[in-house]
file input.cif (mmCIF, C-alpha atoms)
data_target
#
loop_
_atom_site.group_PDB
_atom_site.id
_atom_site.type_symbol
_atom_site.label_atom_id
_atom_site.label_comp_id
_atom_site.auth_asym_id
_atom_site.auth_seq_id
_atom_site.Cartn_x
_atom_site.Cartn_y
_atom_site.Cartn_z
ATOM 1 C CA ALA H 644 41.476 104.806 280.862
ATOM 2 C CA GLY H 645 45.237 104.967 281.003
ATOM 3 C CA GLY H 646 45.872 102.044 278.657
ATOM 4 C CA MET H 647 43.144 102.715 276.116
ATOM 5 C CA GLN H 648 44.176 103.093 272.486
ATOM 6 C CA THR H 649 42.400 104.377 269.403
ATOM 7 C CA ILE H 650 42.959 102.543 266.125
ATOM 8 C CA ALA H 651 42.344 104.480 262.926
ATOM 9 C CA CYS H 652 42.248 102.932 259.459
ATOM 10 C CA PRO H 653 40.521 103.665 256.123
ATOM 11 C CA ALA H 654 36.867 102.863 255.665
ATOM 12 C CA PHE H 655 36.827 100.888 252.417
ATOM 13 C CA PRO H 656 40.143 100.364 250.571
ATOM 14 C CA LEU H 657 38.495 98.666 247.603
ATOM 15 C CA ALA H 658 36.284 101.740 247.227
ATOM 16 C CA GLY H 659 39.506 103.561 246.309
ATOM 17 C CA ARG H 660 40.861 104.574 249.717
ATOM 18 C CA GLN H 661 44.210 103.299 250.977
ATOM 19 C CA ILE H 662 46.636 104.334 253.692
ATOM 20 C CA PHE H 663 50.351 103.871 253.050
ATOM 21 C CA ASN H 664 53.070 105.251 255.317
ATOM 22 C CA GLY H 665 50.337 107.146 257.142
ATOM 23 C CA HIS H 666 49.219 108.951 253.969
ATOM 24 C CA LEU H 667 45.676 108.637 252.630
ATOM 25 C CA PHE H 668 45.218 107.954 248.930
ATOM 26 C CA VAL H 669 41.906 108.245 247.054
ATOM 27 C CA ASN H 670 41.791 106.212 243.844
ATOM 28 C CA GLY H 671 45.575 106.183 243.762
ATOM 29 C CA VAL H 672 45.911 109.954 244.275
ATOM 30 C CA LEU H 673 47.096 111.608 247.467
ATOM 31 C CA LEU H 674 44.164 113.030 249.415
ATOM 32 C CA SER H 675 45.646 116.503 249.131
ATOM 33 C CA ASP H 676 45.669 116.191 245.330
ATOM 34 C CA SER H 677 42.194 114.655 245.062
ATOM 35 C CA PRO H 678 38.846 116.481 244.750
ATOM 36 C CA MET H 679 38.633 116.283 248.557
ATOM 37 C CA LYS H 680 41.052 119.226 248.673
ATOM 38 C CA ASP H 681 38.058 121.380 247.692
ATOM 39 C CA HIS H 682 35.522 119.857 250.110
ATOM 40 C CA PRO H 683 33.164 122.730 251.031
ATOM 41 C CA LEU H 684 33.233 122.067 254.786
ATOM 42 C CA THR H 685 36.435 120.132 255.442
ATOM 43 C CA PRO H 686 38.960 120.846 252.667
ATOM 44 C CA MET H 687 41.749 118.272 252.920
ATOM 45 C CA ARG H 688 45.089 119.863 252.041
ATOM 46 C CA ASP H 689 47.300 117.425 253.970
ATOM 47 C CA ALA H 690 47.361 113.697 253.139
ATOM 48 C CA ASN H 691 49.480 112.732 256.162
ATOM 49 C CA LEU H 692 46.895 111.412 258.618
ATOM 50 C CA CYS H 693 49.362 111.378 261.496
ATOM 51 C CA ARG H 694 49.820 115.132 261.107
ATOM 52 C CA VAL H 695 46.098 115.747 260.531
ATOM 53 C CA LEU H 696 45.138 113.834 263.653
ATOM 54 C CA GLN H 697 47.959 115.237 265.771
ATOM 55 C CA ARG H 698 46.668 118.768 265.152
ATOM 56 C CA GLN H 699 43.384 117.724 266.777
ATOM 57 C CA THR H 700 44.637 116.067 269.953
ATOM 58 C CA SER H 701 47.212 116.421 272.692
ATOM 59 C CA LEU H 702 47.686 112.627 272.730
ATOM 60 C CA PRO H 703 50.742 111.366 270.820
ATOM 61 C CA VAL H 704 49.869 109.790 267.445
ATOM 62 C CA GLY H 705 51.826 106.820 266.118
ATOM 63 C CA LEU H 706 51.853 104.667 262.970
ATOM 64 C CA VAL H 707 51.571 100.940 262.345
ATOM 65 C CA SER H 708 53.245 100.753 258.968
ATOM 66 C CA PHE H 709 52.565 98.678 255.878
ATOM 67 C CA ALA H 710 55.390 96.244 256.624
ATOM 68 C CA ASP H 711 53.759 95.196 259.912
ATOM 69 C CA VAL H 712 50.238 95.131 258.458
ATOM 70 C CA ASP H 713 51.309 93.039 255.468
ATOM 71 C CA ALA H 714 52.975 90.535 257.815
ATOM 72 C CA GLY H 715 49.626 89.622 259.389
ATOM 73 C CA SER H 716 47.648 89.942 262.581
ATOM 74 C CA ALA H 717 50.408 88.795 264.945
ATOM 75 C CA ALA H 718 52.794 91.429 263.582
ATOM 76 C CA ILE H 719 50.076 94.067 263.799
ATOM 77 C CA ARG H 720 49.385 93.172 267.420
ATOM 78 C CA ALA H 721 53.085 93.387 268.221
ATOM 79 C CA ALA H 722 53.339 96.766 266.487
ATOM 80 C CA LEU H 723 50.374 98.135 268.405
ATOM 81 C CA THR H 724 51.971 97.030 271.662
ATOM 82 C CA ARG H 725 55.302 98.532 270.622
ATOM 83 C CA GLU H 726 53.743 101.877 269.671
ATOM 84 C CA ALA H 727 51.783 101.989 272.925
ATOM 85 C CA ALA H 728 54.957 101.309 274.896
ATOM 86 C CA VAL H 729 56.548 104.489 273.531
ATOM 87 C CA GLY H 730 53.455 106.511 274.449
ATOM 88 C CA HIS H 731 51.504 106.579 271.196
ATOM 89 C CA ARG H 732 47.928 106.486 272.504
ATOM 90 C CA ILE H 733 46.379 106.957 269.046
ATOM 91 C CA GLN H 734 47.651 104.905 266.129
ATOM 92 C CA ILE H 735 47.111 105.220 262.390
ATOM 93 C CA VAL H 736 47.197 101.803 260.692
ATOM 94 C CA ASP H 737 48.226 101.390 257.059
ATOM 95 C CA ALA H 738 45.871 99.342 254.841
ATOM 96 C CA LEU H 739 45.800 98.788 251.088
ATOM 97 C CA THR H 740 43.488 95.787 250.666
ATOM 98 C CA ASP H 741 40.532 94.075 252.287
ATOM 99 C CA ALA H 742 42.943 91.333 253.409
ATOM 100 C CA HIS H 743 44.761 93.989 255.427
ATOM 101 C CA LEU H 744 41.494 95.060 257.032
ATOM 102 C CA ARG H 745 40.743 91.477 258.015
ATOM 103 C CA ALA H 746 44.195 91.125 259.539
ATOM 104 C CA ILE H 747 43.726 94.378 261.462
ATOM 105 C CA GLY H 748 40.322 93.196 262.718
ATOM 106 C CA ALA H 749 41.814 89.938 263.953
ATOM 107 C CA ALA H 750 44.637 91.827 265.669
ATOM 108 C CA VAL H 751 42.344 94.134 267.641
ATOM 109 C CA SER H 752 39.391 91.820 268.285
ATOM 110 C CA ASP H 753 40.249 91.445 271.987
ATOM 111 C CA LEU H 754 40.396 95.177 272.714
ATOM 112 C CA PRO H 755 37.578 96.509 274.937
ATOM 113 C CA LEU H 756 36.956 99.546 272.701
ATOM 114 C CA ILE H 757 37.707 100.012 268.990
ATOM 115 C CA THR H 758 37.058 103.121 266.944
ATOM 116 C CA GLY H 759 38.001 104.157 263.426
ATOM 117 C CA GLY H 760 36.743 103.788 259.888
ATOM 118 C CA SER H 761 33.970 101.218 259.501
ATOM 119 C CA GLY H 762 36.233 99.034 257.364
ATOM 120 C CA ILE H 763 38.044 97.977 260.523
ATOM 121 C CA ALA H 764 34.969 95.872 261.299
ATOM 122 C CA MET H 765 35.579 93.704 258.230
ATOM 123 C CA GLY H 766 37.841 91.338 260.134
ATOM 124 C CA LEU H 767 35.926 91.305 263.400
ATOM 125 C CA PRO H 768 33.120 88.779 262.696
ATOM 126 C CA ALA H 769 35.488 85.944 261.758
ATOM 127 C CA ALA H 770 37.722 86.775 264.720
ATOM 128 C CA TYR H 771 34.763 86.785 267.110
ATOM 129 C CA LEU H 772 33.603 83.467 265.648
ATOM 130 C CA ALA H 773 37.049 81.951 266.172
ATOM 131 C CA GLN H 774 37.048 83.170 269.781
ATOM 132 C CA GLY H 775 33.605 81.685 270.434
ATOM 133 C CA LEU H 776 32.064 85.093 271.062
ATOM 134 C CA ILE H 777 29.388 84.527 268.404
ATOM 135 C CA ALA H 778 27.801 81.268 267.263
ATOM 136 C CA ALA H 779 27.553 81.875 263.514
ATOM 137 C CA LEU H 780 27.970 84.452 260.777
ATOM 138 C CA SER H 781 24.869 85.860 259.109
ATOM 139 C CA PRO H 782 24.811 85.682 255.309
ATOM 140 C CA VAL H 783 25.195 88.966 253.447
ATOM 141 C CA PRO H 784 21.749 90.079 252.209
ATOM 142 C CA THR H 785 21.286 90.704 248.493
ATOM 143 C CA ILE H 786 17.809 92.267 248.610
ATOM 144 C CA MET H 787 16.033 94.339 251.247
ATOM 145 C CA GLN H 788 12.310 93.837 251.710
ATOM 146 C CA VAL H 789 10.438 97.122 252.036
ATOM 147 C CA THR H 790 6.813 98.141 252.124
ATOM 148 C CA ALA H 791 5.382 99.799 249.042
ATOM 149 C CA GLY H 792 5.967 103.540 248.817
ATOM 150 C CA ARG H 793 7.540 106.326 246.813
ATOM 151 C CA ARG H 794 11.227 107.053 246.273
ATOM 152 C CA ALA H 795 13.337 110.199 246.568
ATOM 153 C CA ILE H 796 16.961 111.323 246.489
ATOM 154 C CA LEU H 797 18.295 114.124 248.707
ATOM 155 C CA ALA H 798 21.781 115.270 247.742
ATOM 156 C CA GLY H 799 23.556 117.840 249.875
ATOM 157 C CA SER H 800 27.113 116.895 248.946
ATOM 158 C CA CYS H 801 29.162 118.977 246.519
ATOM 159 C CA SER H 802 31.789 116.281 246.009
ATOM 160 C CA THR H 803 32.936 115.262 242.542
ATOM 161 C CA ALA H 804 31.259 111.840 242.821
ATOM 162 C CA THR H 805 27.901 113.226 243.916
ATOM 163 C CA ARG H 806 27.930 115.920 241.231
ATOM 164 C CA GLY H 807 28.448 113.180 238.664
ATOM 165 C CA GLN H 808 25.617 111.134 240.154
ATOM 166 C CA VAL H 809 23.303 114.155 240.060
ATOM 167 C CA ALA H 810 24.199 114.781 236.419
ATOM 168 C CA ALA H 811 23.547 111.138 235.516
ATOM 169 C CA ALA H 812 20.150 111.182 237.261
ATOM 170 C CA ILE H 813 19.093 114.376 235.485
ATOM 171 C CA ALA H 814 20.297 113.009 232.142
ATOM 172 C CA ALA H 815 18.174 109.909 232.775
ATOM 173 C CA GLY H 816 15.106 112.122 233.150
ATOM 174 C CA LEU H 817 14.540 112.060 236.896
ATOM 175 C CA PRO H 818 12.543 115.097 238.073
ATOM 176 C CA ALA H 819 15.001 117.417 239.846
ATOM 177 C CA PHE H 820 14.818 120.521 242.039
ATOM 178 C CA GLN H 821 18.045 122.418 242.781
ATOM 179 C CA ILE H 822 18.460 124.197 246.101
ATOM 180 C CA ASP H 823 20.280 127.530 245.897
ATOM 181 C CA ALA H 824 21.711 128.622 249.248
ATOM 182 C CA LEU H 825 21.532 132.305 248.278
ATOM 183 C CA ASP H 826 17.870 131.988 247.278
ATOM 184 C CA LEU H 827 17.250 130.108 250.505
ATOM 185 C CA ALA H 828 18.892 132.850 252.562
ATOM 186 C CA GLY H 829 16.954 135.505 250.654
ATOM 187 C CA GLY H 830 13.590 133.827 251.217
ATOM 188 C CA ARG H 831 13.101 132.945 247.540
ATOM 189 C CA GLN H 832 13.288 129.229 248.354
ATOM 190 C CA SER H 833 11.813 127.382 251.320
ATOM 191 C CA THR H 834 10.779 123.964 252.536
ATOM 192 C CA ALA H 835 7.188 124.747 251.566
ATOM 193 C CA ARG H 836 8.192 125.610 248.021
ATOM 194 C CA VAL H 837 10.179 122.391 247.634
ATOM 195 C CA LEU H 838 7.280 120.321 248.979
ATOM 196 C CA ASP H 839 4.863 122.099 246.615
ATOM 197 C CA TRP H 840 7.136 121.065 243.742
ATOM 198 C CA ILE H 841 7.222 117.484 245.061
ATOM 199 C CA ASP H 842 3.440 117.386 245.227
ATOM 200 C CA ALA H 843 3.297 118.265 241.530
ATOM 201 C CA GLN H 844 5.590 115.410 240.406
ATOM 202 C CA PRO H 845 4.380 112.101 238.935
ATOM 203 C CA ALA H 846 4.530 109.118 241.265
ATOM 204 C CA GLY H 847 6.184 106.634 238.916
ATOM 205 C CA ARG H 848 9.875 107.563 239.262
ATOM 206 C CA PRO H 849 12.278 108.660 241.996
ATOM 207 C CA LEU H 850 12.664 112.419 242.313
ATOM 208 C CA LEU H 851 15.777 114.386 243.164
ATOM 209 C CA VAL H 852 16.257 117.404 245.434
ATOM 210 C CA TYR H 853 19.864 118.581 245.419
ATOM 211 C CA SER H 854 22.137 121.433 246.425
ATOM 212 C CA SER H 855 25.256 120.054 244.729
ATOM 213 C CA ALA H 856 27.305 122.670 242.873
ATOM 214 C CA GLU H 857 30.774 123.244 241.427
ATOM 215 C CA PRO H 858 33.540 124.301 243.871
ATOM 216 C CA GLU H 859 33.705 127.865 242.522
ATOM 217 C CA VAL H 860 29.959 128.300 243.029
ATOM 218 C CA VAL H 861 30.184 126.903 246.559
ATOM 219 C CA LYS H 862 33.025 129.319 247.351
ATOM 220 C CA GLN H 863 30.987 132.295 246.140
ATOM 221 C CA VAL H 864 28.098 131.266 248.376
ATOM 222 C CA GLN H 865 30.380 130.733 251.369
ATOM 223 C CA ASP H 866 32.041 134.102 250.811
ATOM 224 C CA LYS H 867 28.615 135.757 251.045
ATOM 225 C CA LEU H 868 26.962 133.686 253.753
ATOM 226 C CA GLY H 869 29.850 132.099 255.634
ATOM 227 C CA ARG H 870 30.916 128.458 255.345
ATOM 228 C CA GLU H 871 29.017 127.159 258.375
ATOM 229 C CA ALA H 872 25.876 129.228 257.791
ATOM 230 C CA ALA H 873 25.557 128.135 254.160
ATOM 231 C CA GLY H 874 25.958 124.456 254.985
ATOM 232 C CA THR H 875 23.654 124.545 257.995
ATOM 233 C CA ALA H 876 20.860 126.248 256.059
ATOM 234 C CA VAL H 877 20.909 123.646 253.301
ATOM 235 C CA GLU H 878 21.131 120.705 255.722
ATOM 236 C CA HIS H 879 18.205 122.063 257.739
ATOM 237 C CA LEU H 880 16.073 122.445 254.625
ATOM 238 C CA LEU H 881 16.855 118.939 253.346
ATOM 239 C CA ALA H 882 16.086 117.487 256.786
ATOM 240 C CA GLU H 883 12.717 119.263 256.814
ATOM 241 C CA VAL H 884 12.053 118.069 253.259
ATOM 242 C CA ALA H 885 12.812 114.508 254.385
ATOM 243 C CA ARG H 886 10.153 114.821 257.080
ATOM 244 C CA GLY H 887 7.719 116.154 254.498
ATOM 245 C CA LEU H 888 8.513 113.310 252.120
ATOM 246 C CA VAL H 889 7.810 110.652 254.749
ATOM 247 C CA ALA H 890 4.524 112.363 255.612
ATOM 248 C CA ARG H 891 3.609 112.112 251.917
ATOM 249 C CA GLY H 892 4.241 108.369 251.674
ATOM 250 C CA PHE H 893 7.873 108.374 250.572
ATOM 251 C CA ASN H 894 9.511 105.495 252.440
ATOM 252 C CA GLN H 895 12.615 104.861 250.314
ATOM 253 C CA LEU H 896 15.159 107.669 250.619
ATOM 254 C CA LEU H 897 18.663 107.891 249.209
ATOM 255 C CA VAL H 898 20.713 110.592 250.937
ATOM 256 C CA ALA H 899 24.065 111.852 249.610
ATOM 257 C CA GLY H 900 26.485 113.683 251.897
ATOM 258 C CA GLY H 901 27.710 112.928 255.405
ATOM 259 C CA GLU H 902 26.338 116.066 257.053
ATOM 260 C CA THR H 903 23.091 115.765 255.083
ATOM 261 C CA SER H 904 22.705 112.122 256.126
ATOM 262 C CA GLY H 905 23.166 113.039 259.774
ATOM 263 C CA ALA H 906 20.601 115.821 259.536
ATOM 264 C CA VAL H 907 18.050 113.556 257.825
ATOM 265 C CA VAL H 908 18.513 110.674 260.276
ATOM 266 C CA GLN H 909 18.098 113.044 263.210
ATOM 267 C CA ALA H 910 15.026 114.678 261.691
ATOM 268 C CA LEU H 911 13.371 111.294 261.147
ATOM 269 C CA GLY H 912 14.312 109.934 264.582
ATOM 270 C CA ALA H 913 16.002 106.919 262.995
ATOM 271 C CA GLU H 914 18.119 105.934 265.991
ATOM 272 C CA THR H 915 18.558 102.246 265.059
ATOM 273 C CA LEU H 916 19.131 100.870 261.566
ATOM 274 C CA ALA H 917 19.128 97.335 260.164
ATOM 275 C CA ILE H 918 21.896 96.892 257.591
ATOM 276 C CA GLY H 919 20.814 95.580 254.207
ATOM 277 C CA PRO H 920 22.477 94.836 250.860
ATOM 278 C CA GLU H 921 25.436 96.810 249.600
ATOM 279 C CA ILE H 922 24.747 99.072 246.615
ATOM 280 C CA ASP H 923 28.366 100.053 245.969
ATOM 281 C CA PRO H 924 31.450 99.476 248.149
ATOM 282 C CA GLY H 925 30.811 101.132 251.488
ATOM 283 C CA VAL H 926 27.168 102.050 250.882
ATOM 284 C CA PRO H 927 24.394 99.659 251.966
ATOM 285 C CA TRP H 928 20.661 100.105 252.164
ATOM 286 C CA THR H 929 19.423 100.263 255.732
ATOM 287 C CA ARG H 930 15.978 100.128 257.302
ATOM 288 C CA SER H 931 14.957 102.209 260.270
ATOM 289 C CA LEU H 932 13.996 100.197 263.347
ATOM 290 C CA SER H 933 12.942 103.320 265.230
ATOM 291 C CA GLY H 934 10.868 106.223 264.035
ATOM 292 C CA PRO H 935 9.052 105.799 260.698
ATOM 293 C CA ASP H 936 9.544 102.575 258.721
ATOM 294 C CA VAL H 937 11.858 103.939 256.045
ATOM 295 C CA ALA H 938 14.555 102.411 253.852
ATOM 296 C CA LEU H 939 17.606 104.687 253.905
ATOM 297 C CA ALA H 940 20.752 104.648 251.798
ATOM 298 C CA LEU H 941 23.144 107.062 253.526
ATOM 299 C CA LYS H 942 26.075 107.875 251.266
ATOM 300 C CA SER H 943 29.268 109.774 251.879
ATOM 301 C CA GLY H 944 29.611 112.365 249.149
ATOM 302 C CA ASN H 945 32.613 110.757 247.462
ATOM 303 C CA PHE H 946 31.237 107.200 247.455
ATOM 304 C CA GLY H 947 29.395 105.370 244.703
ATOM 305 C CA ALA H 948 29.598 104.988 240.941
ATOM 306 C CA ALA H 949 28.161 107.525 238.498
ATOM 307 C CA ASP H 950 24.925 105.522 238.115
ATOM 308 C CA PHE H 951 24.444 105.125 241.878
ATOM 309 C CA PHE H 952 21.200 107.146 242.008
ATOM 310 C CA LEU H 953 19.750 105.000 239.221
ATOM 311 C CA LYS H 954 20.760 101.482 240.215
ATOM 312 C CA ALA H 955 20.327 101.659 244.007
ATOM 313 C CA TRP H 956 16.635 100.810 243.782
ATOM 314 C CA ASP H 957 17.399 97.384 242.259
ATOM 315 C CA LYS H 958 18.393 96.203 245.763
ATOM 316 C CA LEU H 959 14.897 96.829 247.143
ATOM 317 C CA ASN H 960 11.907 94.528 246.819
#
call {"tool": "encode", "arguments": {"input": "input.cif", "output": "structure tokens"}}
result
Amino acid sequence: AGGMQTIACPAFPLAGRQIFNGHLFVNGVLLSDSPMKDHPLTPMRDANLCRVLQRQTSLPVGLVSFADVDAGSAAIRAALTREAAVGHRIQIVDALTDAHLRAIGAAVSDLPLITGGSGIAMGLPAAYLAQGLIAALSPVPTIMQVTAGRRAILAGSCSTATRGQVAAAIAAGLPAFQIDALDLAGGRQSTARVLDWIDAQPAGRPLLVYSSAEPEVVKQVQDKLGREAAGTAVEHLLAEVARGLVARGFNQLLVAGGETSGAVVQALGAETLAIGPEIDPGVPWTRSLSGPDVALALKSGNFGAADFFLKAWDKLN
């Protein structure tokens, strides 16, 4: 529609992501100087989100700056209107704290369509309550009830955070199987081989199947196989392994990596998820309401503390 706007803001500032003057910072470091600059699929070499987004659209991109955001929801609403009046159909919104996200949510709660990082939803429930659109706020769950079953971790991300989480899980003694994209392409690894390994593991602890590797190793693989082909092969295998796990009675799966999470959810037919307790900022447990009854923790590669793979299970009962 002619008057429709897109609002873009960071997902979880307190998880270490802030936007200031249209630039994205990760744990206080510009995105272009952070480990995300070496992301295997989407290397981020420009921290200016206005420029990044403008390269992807013909619609003019504007900015609602920190000064307006810090002044509160009324100032944000006025800035959005002002930017729209000069033709900026897509607008990046600065945000440094959760209070900013709540103010942004209140400012945009009357728009017919909102899109952006999930953190923008932080301010919406209270705004909807104040407008009489909902009757009450549901309490934040602390534990998710799940049926008895086995546990597994599937890690397809090569981010710094996930590599640290993999290392911590292996150091803690979790059984682990590493996927090698070159072996996979050469037929030396397969879904069947991974599932045979899973069948041989003891049932008492979570097990880990991972393809995470250092950036130089990832580059060597991509140089030989191609960036898209290497990633697609690994995601396909992990999705097939997820199906095999569920068939074997695994109903609690932790998945690391955005593309890997999407592949697993699609493979399992998990079209609707109930949101459960938060494990770390930005990463909750969920439970599938369609397809198999499975608890899923779907984690962006750069999210979560080093012990994420070890402590996540404490939120399940």
call {"tool": "axis_aligned_box", "arguments": {"input": "input.cif", "around": "stretch 715-730 of chain H", "padding_each_side": "3 Å", "output": "lines of an AutoDock Vina configuration file"}}
result
center_x = 52.1
center_y = 97.7
center_z = 267.1
size_x = 14.9
size_y = 23.7
size_z = 21.5
call {"tool": "closest_residue", "arguments": {"input": "input.cif", "among": "H:His879, H:Pro678, H:Gly760, H:Asp923", "to": "H:Val908", "atoms": "only C-alpha atoms"}}
result
H:His879
call {"tool": "resolve_selection", "arguments": {"input": "input.cif", "expression": "the PyMOL selection byres ((chain H and resi 842) around 12)", "output": "PyMOL selection string"}}
result
chain H and resi 793+818+835-841+843-846+850+884+887-888+890-893
call {"tool": "residues_around", "arguments": {"input": "input.cif", "residues": "stretch 719-723 of chain H", "least_positions_apart": "3", "cutoff": "9 Å", "atoms": "all atoms listed in the file", "output": "PyMOL selection string"}}
result
chain H and resi 648+650+706-708+711-716+726-728+731+734+736+746-747+749-751
call {"tool": "residues_around", "arguments": {"input": "input.cif", "residues": "stretch 765-777 of chain H", "least_positions_apart": "6", "cutoff": "12 Å", "atoms": "all atoms listed in the file", "output": "number ranges by chain"}}
result
H: 652-656, 715-716, 740-754, 757, 759, 925
call {"tool": "residues_around", "arguments": {"input": "input.cif", "residues": "H:Ala917", "least_positions_apart": "2", "cutoff": "12 Å", "atoms": "all atoms listed in the file", "output": "JSON, numbers by chain"}}
result
{"H": [784, 787, 788, 789, 913, 914, 915, 919, 920, 927, 928, 929, 930, 931, 932, 933, 936, 937, 938, 939, 940]}
call {"tool": "atom_distance", "arguments": {"input": "input.cif", "atom1": "atom CA of H:Ala906", "atom2": "atom CA of H:Ser675"}}
result
27.1 Å
call {"tool": "atom_distance", "arguments": {"input": "input.cif", "atom1": "atom CA of H:Val783", "atom2": "atom CA of H:Ile922"}}
result
12.2 Å
call {"tool": "closest_residue", "arguments": {"input": "input.cif", "among": "H:Leu897, H:Ala824, H:Leu696, H:Leu851", "to": "H:Gln865", "atoms": "only C-alpha atoms"}}
result
H:Ala824
call {"tool": "atom_distance", "arguments": {"input": "input.cif", "atom1": "atom CA of H:Asp689", "atom2": "atom CA of H:Leu673"}}
result
8.7 Å
call {"tool": "build_atoms", "arguments": {"input": "input.cif", "residues": "stretch 924-930 of chain H", "atoms": "all heavy atoms", "output": "tab-separated table (two decimals), in the coordinates of the input"}}
result
chain	number	residue	atom	x	y	z
H	924	PRO	N	30.57	99.66	246.99
H	924	PRO	CA	31.45	99.48	248.15
H	924	PRO	C	31.30	100.59	249.18
H	924	PRO	O	31.46	101.76	248.88
H	924	PRO	CB	32.86	99.49	247.52
H	924	PRO	CG	32.64	98.95	246.15
H	924	PRO	CD	31.30	99.49	245.72
H	925	GLY	N	30.93	100.18	250.40
H	925	GLY	CA	30.81	101.13	251.49
H	925	GLY	C	29.45	101.76	251.66
H	925	GLY	O	29.27	102.55	252.58
H	926	VAL	N	28.49	101.41	250.80
H	926	VAL	CA	27.17	102.05	250.88
H	926	VAL	C	26.07	101.00	250.82
H	926	VAL	O	25.71	100.54	249.73
H	926	VAL	CB	26.94	103.07	249.75
H	926	VAL	CG1	25.70	103.90	250.05
H	926	VAL	CG2	28.15	103.96	249.56
H	927	PRO	N	25.50	100.61	251.97
H	927	PRO	CA	24.39	99.66	251.97
H	927	PRO	C	23.04	100.37	252.09
H	927	PRO	O	22.97	101.54	252.52
H	927	PRO	CB	24.65	98.84	253.23
H	927	PRO	CG	25.19	99.87	254.18
H	927	PRO	CD	26.01	100.84	253.33
H	928	TRP	N	21.99	99.69	251.73
H	928	TRP	CA	20.66	100.10	252.16
H	928	TRP	C	20.52	99.77	253.64
H	928	TRP	O	21.10	98.78	254.12
H	928	TRP	CB	19.58	99.38	251.38
H	928	TRP	CG	19.24	100.01	250.07
H	928	TRP	CD1	19.57	99.55	248.83
H	928	TRP	CD2	18.49	101.22	249.87
H	928	TRP	NE1	19.09	100.41	247.87
H	928	TRP	CE2	18.42	101.43	248.47
H	928	TRP	CE3	17.89	102.14	250.73
H	928	TRP	CZ2	17.77	102.53	247.92
H	928	TRP	CZ3	17.24	103.24	250.19
H	928	TRP	CH2	17.18	103.43	248.80
H	929	THR	N	19.78	100.56	254.35
H	929	THR	CA	19.42	100.26	255.73
H	929	THR	C	17.92	100.45	255.89
H	929	THR	O	17.26	101.04	255.03
H	929	THR	CB	20.15	101.19	256.73
H	929	THR	OG1	19.62	102.53	256.62
H	929	THR	CG2	21.65	101.22	256.46
H	930	ARG	N	17.40	99.95	257.01
H	930	ARG	CA	15.98	100.13	257.30
H	930	ARG	C	15.84	100.58	258.74
H	930	ARG	O	16.43	99.98	259.66
H	930	ARG	CB	15.20	98.83	257.08
H	930	ARG	CG	13.69	98.99	257.22
H	930	ARG	CD	12.96	97.75	256.73
H	930	ARG	NE	11.51	97.90	256.83
H	930	ARG	CZ	10.63	97.04	256.35
H	930	ARG	NH1	11.06	95.95	255.72
H	930	ARG	NH2	9.33	97.24	256.48
